[in-house]
Amino acid sequence: MTNQIKLIALDMDGTLVNNDGDVSTENEQAIQRAKEKGMHVVLCTGRSLSGCHDIANNLGRSSYIVTINGGEIYDHLFNLVERSPLDHELVKHIMDIKDKHGVFFWSSTAQGVFNSHNPYEQAIEENEWLKIGFDIEDDEIRQVVHDELIKNDALEITNSSPTNIEVNAAGVNKAAALLKVCKWLNIKMENVMAVGDSLNDLAMIRESGFGVAMDNAQDVVKQEADWVTVSNQEHGVAIAIDHILD
């Protein structure tokens, strides 16, 4: 299976970048080796474009970039190809839960990044909301918020760390975005290696031909993966890439 890989999908935080937010020389060089072999290397991140633009630019041209857990897809020139916002009534519902429990929130929107410290002052309808997240240290409160959110079938609930919750529109996830990218590139999902560490990576790890979890990944991600590489502090992406290039 690994010799059929044509596209490598990489999560960023906890995966491609180390705990200082940097891409190691080892990871960067491995990505270039994959590109030289004719493979597409696609960033698939929960970050917005502004949060990954510089890293994507430094890594060199990529066919597509998946951001905000699939909420936006950009082409190799950073032009927006597709956007999948949350319905405004859903945003109001999420904000009601936020207010009810008094938890810290953050959001990725078409108009910018807003959070509890930098709230959105206009009407909810005047914006395109792509993802809303919560950072909740208290396990019990986080579970209560999670359970309230997951009751709504119109929401896609994941996380990018054990203490947060990320909310997209139902059906908006990295796997769905990658499926679109594969169609545009005339590649099948069985020809994809997906690498990640958190619940927002789980769908693409499950649905790709070769799903790879980081050693620092959440346990459920490791259980679903086909293979586990070393941690993001030990250039785990480079190890995974070299595994399929050998």
# chains A, B, ... in the order shown; residues from 1 in each chain; ligands from 1
>>> closest_atom_pairs(of="segment 142-221 of chain A", to="segment 32-51 of chain A", cutoff="9 Å", atoms="only C-alpha atoms", output="tab-separated table")
residue	atom	partner	partner_atom	distance
A:Ser160	CA	A:Gly46	CA	7.4
A:Glu166	CA	A:Gly46	CA	8.8
A:Lys174	CA	A:Cys44	CA	6.4
A:Ala177	CA	A:Cys44	CA	8.7
A:Leu178	CA	A:Cys44	CA	8.2
A:Ala194	CA	A:Cys44	CA	8.9
A:Asn200	CA	A:Gly46	CA	7.6
A:Asp201	CA	A:Cys44	CA	8.5
>>> write_last_selection(atoms="C-alpha atoms", output="PDB file, in the first residue's frame")
ATOM      1  CA  SER A 160      -7.086  19.663  18.260  1.00  0.00           C
ATOM      2  CA  GLU A 166     -13.783  22.427  17.810  1.00  0.00           C
ATOM      3  CA  LYS A 174     -10.355  17.109   6.785  1.00  0.00           C
ATOM      4  CA  ALA A 177     -11.920  18.237   2.062  1.00  0.00           C
ATOM      5  CA  LEU A 178      -9.244  15.741   1.033  1.00  0.00           C
ATOM      6  CA  ALA A 194      -2.621  11.179   6.212  1.00  0.00           C
ATOM      7  CA  ASN A 200      -9.845  16.599  13.936  1.00  0.00           C
ATOM      8  CA  ASP A 201      -7.394  14.306  12.108  1.00  0.00           C
TER       9      ASP A 201
END
>>> select_by_dssp(residues="segment 35-239 of chain A", states="alpha helix (DSSP H)", output="MDAnalysis selection string")
chainID A and resid 35:36 49:59 88:101 139:150 174:185 199:207 219:224 236:239
>>> select_by_dssp(residues="segment 40-79 of chain A", states="strand (DSSP E)", output="list in words")
His40, Val41, Val42, Leu43, Tyr64, Ile65, Val66, Thr67, Glu72, Ile73, Tyr74 and Asp75 of chain A
>>> closest_residue(among="A:Val66, A:Ile31, A:Val113, A:Gln122", to="Leu179 of chain A", atoms="only C-alpha atoms")
A:Val66
>>> residues_around(residues="Ala30 of chain A", least_positions_apart="6", cutoff="7 Å", atoms="only C-alpha atoms", output="ChimeraX atom specification")
/A:238,241-242
>>> atom_distance(atom1="atom CA of Asp99 of chain A", atom2="atom CA of Phe134 of chain A")
11.6 Å
>>> closest_residue(among="A:Asn152, A:Thr25, A:Asn186, A:Asn216", to="Ser231 of chain A", atoms="only C-alpha atoms")
A:Asn216
>>> residues_around(residues="Phe104 of chain A", least_positions_apart="2", cutoff="10 Å", atoms="only C-alpha atoms", output="ChimeraX atom specification")
/A:98-99,101-102,106,115-117,133-137,164
>>> write_last_selection(atoms="C-alpha atoms", output="compact mmCIF listing (two decimals), in the first residue's frame")
# COMPACT_ATOMS: atom_id res chain seq x y z
CA LYS A 98 -20.86 29.41 25.53
CA ASP A 99 -22.78 32.05 27.53
CA HIS A 101 -21.32 27.91 30.86
CA GLY A 102 -19.13 31.02 30.78
CA TRP A 106 -12.43 31.42 19.85
CA ASN A 115 -12.49 35.21 20.81
CA SER A 116 -13.50 36.00 24.37
CA HIS A 117 -10.79 38.68 24.55
CA GLY A 133 -13.79 26.44 19.44
CA PHE A 134 -13.64 26.25 23.21
CA ASP A 135 -10.64 25.93 25.51
CA ILE A 136 -11.85 24.36 28.76
CA GLU A 137 -9.40 23.09 31.35
CA ASN A 164 -10.40 21.94 23.55
>>> closest_residue(among="A:Ser63, A:Ser161, A:Asn57, A:Asn173", to="Glu207 of chain A", atoms="only C-alpha atoms")
A:Asn173
>>> closest_residue(among="A:Lys100, A:His53, A:Ile94, A:Gln29", to="Ile141 of chain A", atoms="only C-alpha atoms")
A:Lys100
>>> residues_around(residues="Gly71 of chain A", least_positions_apart="4", cutoff="7 Å", atoms="only C-alpha atoms", output="list in words")
Thr67, Arg83, Ser84, Pro85, Leu130 and Val172 of chain A
>>> write_last_selection(atoms="N, CA and C atoms", output="mmCIF file, in the first residue's frame")
data_model
loop_
_atom_site.group_PDB
_atom_site.id
_atom_site.type_symbol
_atom_site.label_atom_id
_atom_site.label_comp_id
_atom_site.auth_asym_id
_atom_site.auth_seq_id
_atom_site.Cartn_x
_atom_site.Cartn_y
_atom_site.Cartn_z
ATOM 1 N N THR A 67 -7.640 24.276 5.231
ATOM 2 C CA THR A 67 -7.570 25.024 6.489
ATOM 3 C C THR A 67 -8.889 24.899 7.250
ATOM 4 N N ARG A 83 -15.447 27.402 0.420
ATOM 5 C CA ARG A 83 -15.677 27.786 1.822
ATOM 6 C C ARG A 83 -16.972 27.144 2.300
ATOM 7 N N SER A 84 -16.954 26.601 3.530
ATOM 8 C CA SER A 84 -18.124 25.893 4.077
ATOM 9 C C SER A 84 -18.469 26.463 5.456
ATOM 10 N N PRO A 85 -19.260 27.532 5.499
ATOM 11 C CA PRO A 85 -19.562 28.184 6.781
ATOM 12 C C PRO A 85 -20.654 27.474 7.585
ATOM 13 N N LEU A 130 -16.802 29.988 10.286
ATOM 14 C CA LEU A 130 -16.295 28.730 9.735
ATOM 15 C C LEU A 130 -16.040 27.683 10.810
ATOM 16 N N VAL A 172 -18.210 18.830 7.467
ATOM 17 C CA VAL A 172 -17.003 19.612 7.179
ATOM 18 C C VAL A 172 -15.880 19.062 8.047
#
>>> residues_around(residues="Phe210 of chain A", least_positions_apart="4", cutoff="9 Å", atoms="only C-alpha atoms", output="PDB file with C-alpha atoms, in the first residue's frame")
ATOM      1  CA  MET A   1       0.000   0.000   0.000  1.00  0.00           C
ATOM      2  CA  THR A   2       2.714   2.480   0.918  1.00  0.00           C
ATOM      3  CA  ILE A   5       0.975   6.880  -2.158  1.00  0.00           C
ATOM      4  CA  GLU A 190      -6.439   4.940  -1.143  1.00  0.00           C
ATOM      5  CA  ASN A 191      -3.451   6.806  -2.618  1.00  0.00           C
ATOM      6  CA  VAL A 192      -3.289   9.200   0.367  1.00  0.00           C
ATOM      7  CA  MET A 193      -1.096   9.041   3.452  1.00  0.00           C
ATOM      8  CA  ALA A 194      -2.621  11.179   6.212  1.00  0.00           C
ATOM      9  CA  VAL A 195      -0.626  12.098   9.320  1.00  0.00           C
ATOM     10  CA  ILE A 205      -6.604   8.976   9.052  1.00  0.00           C
ATOM     11  CA  ARG A 206      -9.508   6.513   8.855  1.00  0.00           C
ATOM     12  CA  ALA A 225      -4.132   4.483  12.525  1.00  0.00           C
ATOM     13  CA  ASP A 226      -2.399   1.963  10.291  1.00  0.00           C
ATOM     14  CA  TRP A 227       0.993   2.957  11.659  1.00  0.00           C
TER      15      TRP A 227
END
>>> atom_distance(atom1="atom CA of Ala9 of chain A", atom2="atom CA of Phe78 of chain A")
17.0 Å
>>> residues_around(residues="Ala123 of chain A", least_positions_apart="6", cutoff="12 Å", atoms="only C-alpha atoms", output="number ranges by chain")
A: 88-89, 91-92, 129
>>> write_last_selection(atoms="N, CA and C atoms", output="tab-separated table (two decimals), in the first residue's frame")
chain	number	residue	atom	x	y	z
A	88	HIS	N	-26.09	30.53	10.44
A	88	HIS	CA	-26.12	31.54	11.51
A	88	HIS	C	-26.94	31.10	12.72
A	89	GLU	N	-27.99	30.32	12.50
A	89	GLU	CA	-28.77	29.84	13.63
A	89	GLU	C	-27.95	28.87	14.48
A	91	VAL	N	-24.69	29.10	14.82
A	91	VAL	CA	-23.75	29.95	15.55
A	91	VAL	C	-24.41	30.51	16.81
A	92	LYS	N	-25.66	30.95	16.67
A	92	LYS	CA	-26.39	31.46	17.84
A	92	LYS	C	-26.54	30.37	18.90
A	129	TRP	N	-19.14	32.40	9.64
A	129	TRP	CA	-18.48	31.67	10.72
A	129	TRP	C	-18.09	30.29	10.21
>>> closest_residue(among="A:Ala170, A:Ala154, A:Met214, A:Ile187", to="Met12 of chain A", atoms="only C-alpha atoms")
A:Met214
>>> atom_distance(atom1="atom CA of Asn69 of chain A", atom2="atom CA of Asn3 of chain A")
27.1 Å
>>> closest_residue(among="A:Leu10, A:Asn159, A:Leu202, A:Glu72", to="Ala175 of chain A", atoms="only C-alpha atoms")
A:Leu202
>>> decode(residues="segment 168-237 of chain A", atoms="C-alpha atoms", output="mmCIF file, in the first residue's frame")
data_model
loop_
_atom_site.group_PDB
_atom_site.id
_atom_site.type_symbol
_atom_site.label_atom_id
_atom_site.label_comp_id
_atom_site.auth_asym_id
_atom_site.auth_seq_id
_atom_site.Cartn_x
_atom_site.Cartn_y
_atom_site.Cartn_z
ATOM 1 C CA ASN A 168 -17.607 22.974 12.230
ATOM 2 C CA ALA A 169 -20.716 22.435 10.152
ATOM 3 C CA ALA A 170 -21.679 18.758 9.896
ATOM 4 C CA GLY A 171 -19.785 17.036 7.114
ATOM 5 C CA VAL A 172 -17.003 19.612 7.179
ATOM 6 C CA ASN A 173 -13.823 17.799 8.121
ATOM 7 C CA LYS A 174 -10.355 17.109 6.785
ATOM 8 C CA ALA A 175 -11.392 13.839 5.141
ATOM 9 C CA ALA A 176 -14.237 15.452 3.200
ATOM 10 C CA ALA A 177 -11.920 18.237 2.062
ATOM 11 C CA LEU A 178 -9.244 15.741 1.033
ATOM 12 C CA LEU A 179 -11.789 13.765 -0.971
ATOM 13 C CA LYS A 180 -12.514 16.917 -2.980
ATOM 14 C CA VAL A 181 -8.804 17.590 -3.456
ATOM 15 C CA CYS A 182 -8.304 14.012 -4.630
ATOM 16 C CA LYS A 183 -11.086 14.366 -7.201
ATOM 17 C CA TRP A 184 -9.549 17.587 -8.505
ATOM 18 C CA LEU A 185 -6.158 15.857 -8.790
ATOM 19 C CA ASN A 186 -7.605 12.583 -10.144
ATOM 20 C CA ILE A 187 -6.300 10.644 -7.141
ATOM 21 C CA LYS A 188 -8.138 8.127 -4.972
ATOM 22 C CA MET A 189 -8.211 8.303 -1.176
ATOM 23 C CA GLU A 190 -6.439 4.940 -1.143
ATOM 24 C CA ASN A 191 -3.451 6.806 -2.618
ATOM 25 C CA VAL A 192 -3.289 9.200 0.367
ATOM 26 C CA MET A 193 -1.096 9.041 3.452
ATOM 27 C CA ALA A 194 -2.621 11.179 6.212
ATOM 28 C CA VAL A 195 -0.626 12.098 9.320
ATOM 29 C CA GLY A 196 -2.085 13.630 12.492
ATOM 30 C CA ASP A 197 -2.466 13.563 16.248
ATOM 31 C CA SER A 198 -5.940 14.748 17.299
ATOM 32 C CA LEU A 199 -9.647 14.106 16.805
ATOM 33 C CA ASN A 200 -9.845 16.599 13.936
ATOM 34 C CA ASP A 201 -7.394 14.306 12.108
ATOM 35 C CA LEU A 202 -9.296 11.111 12.818
ATOM 36 C CA ALA A 203 -11.569 11.149 9.766
ATOM 37 C CA MET A 204 -8.714 11.617 7.293
ATOM 38 C CA ILE A 205 -6.604 8.976 9.052
ATOM 39 C CA ARG A 206 -9.508 6.513 8.855
ATOM 40 C CA GLU A 207 -10.372 7.220 5.226
ATOM 41 C CA SER A 208 -6.911 7.494 3.716
ATOM 42 C CA GLY A 209 -5.067 4.539 2.265
ATOM 43 C CA PHE A 210 -2.356 4.805 4.906
ATOM 44 C CA GLY A 211 -3.268 6.567 8.148
ATOM 45 C CA VAL A 212 -0.396 7.574 10.408
ATOM 46 C CA ALA A 213 -0.622 8.741 14.025
ATOM 47 C CA MET A 214 2.088 10.633 15.849
ATOM 48 C CA ASP A 215 3.532 9.033 18.973
ATOM 49 C CA ASN A 216 2.167 12.057 20.857
ATOM 50 C CA ALA A 217 -1.316 11.499 19.370
ATOM 51 C CA GLN A 218 -4.452 10.987 21.427
ATOM 52 C CA ASP A 219 -5.016 7.289 22.126
ATOM 53 C CA VAL A 220 -8.081 6.928 19.898
ATOM 54 C CA VAL A 221 -6.108 8.308 16.954
ATOM 55 C CA LYS A 222 -3.329 5.775 17.512
ATOM 56 C CA GLN A 223 -5.885 2.972 17.708
ATOM 57 C CA GLU A 224 -7.427 3.936 14.355
ATOM 58 C CA ALA A 225 -4.132 4.483 12.525
ATOM 59 C CA ASP A 226 -2.399 1.963 10.291
ATOM 60 C CA TRP A 227 0.993 2.957 11.659
ATOM 61 C CA VAL A 228 2.457 5.100 14.460
ATOM 62 C CA THR A 229 5.503 7.262 13.883
ATOM 63 C CA VAL A 230 7.613 9.030 16.501
ATOM 64 C CA SER A 231 6.568 12.310 18.110
ATOM 65 C CA ASN A 232 6.450 15.815 16.646
ATOM 66 C CA GLN A 233 9.525 16.600 18.748
ATOM 67 C CA GLU A 234 11.458 13.812 16.995
ATOM 68 C CA HIS A 235 10.635 14.693 13.350
ATOM 69 C CA GLY A 236 7.842 12.116 13.140
ATOM 70 C CA VAL A 237 6.641 13.468 9.790
#
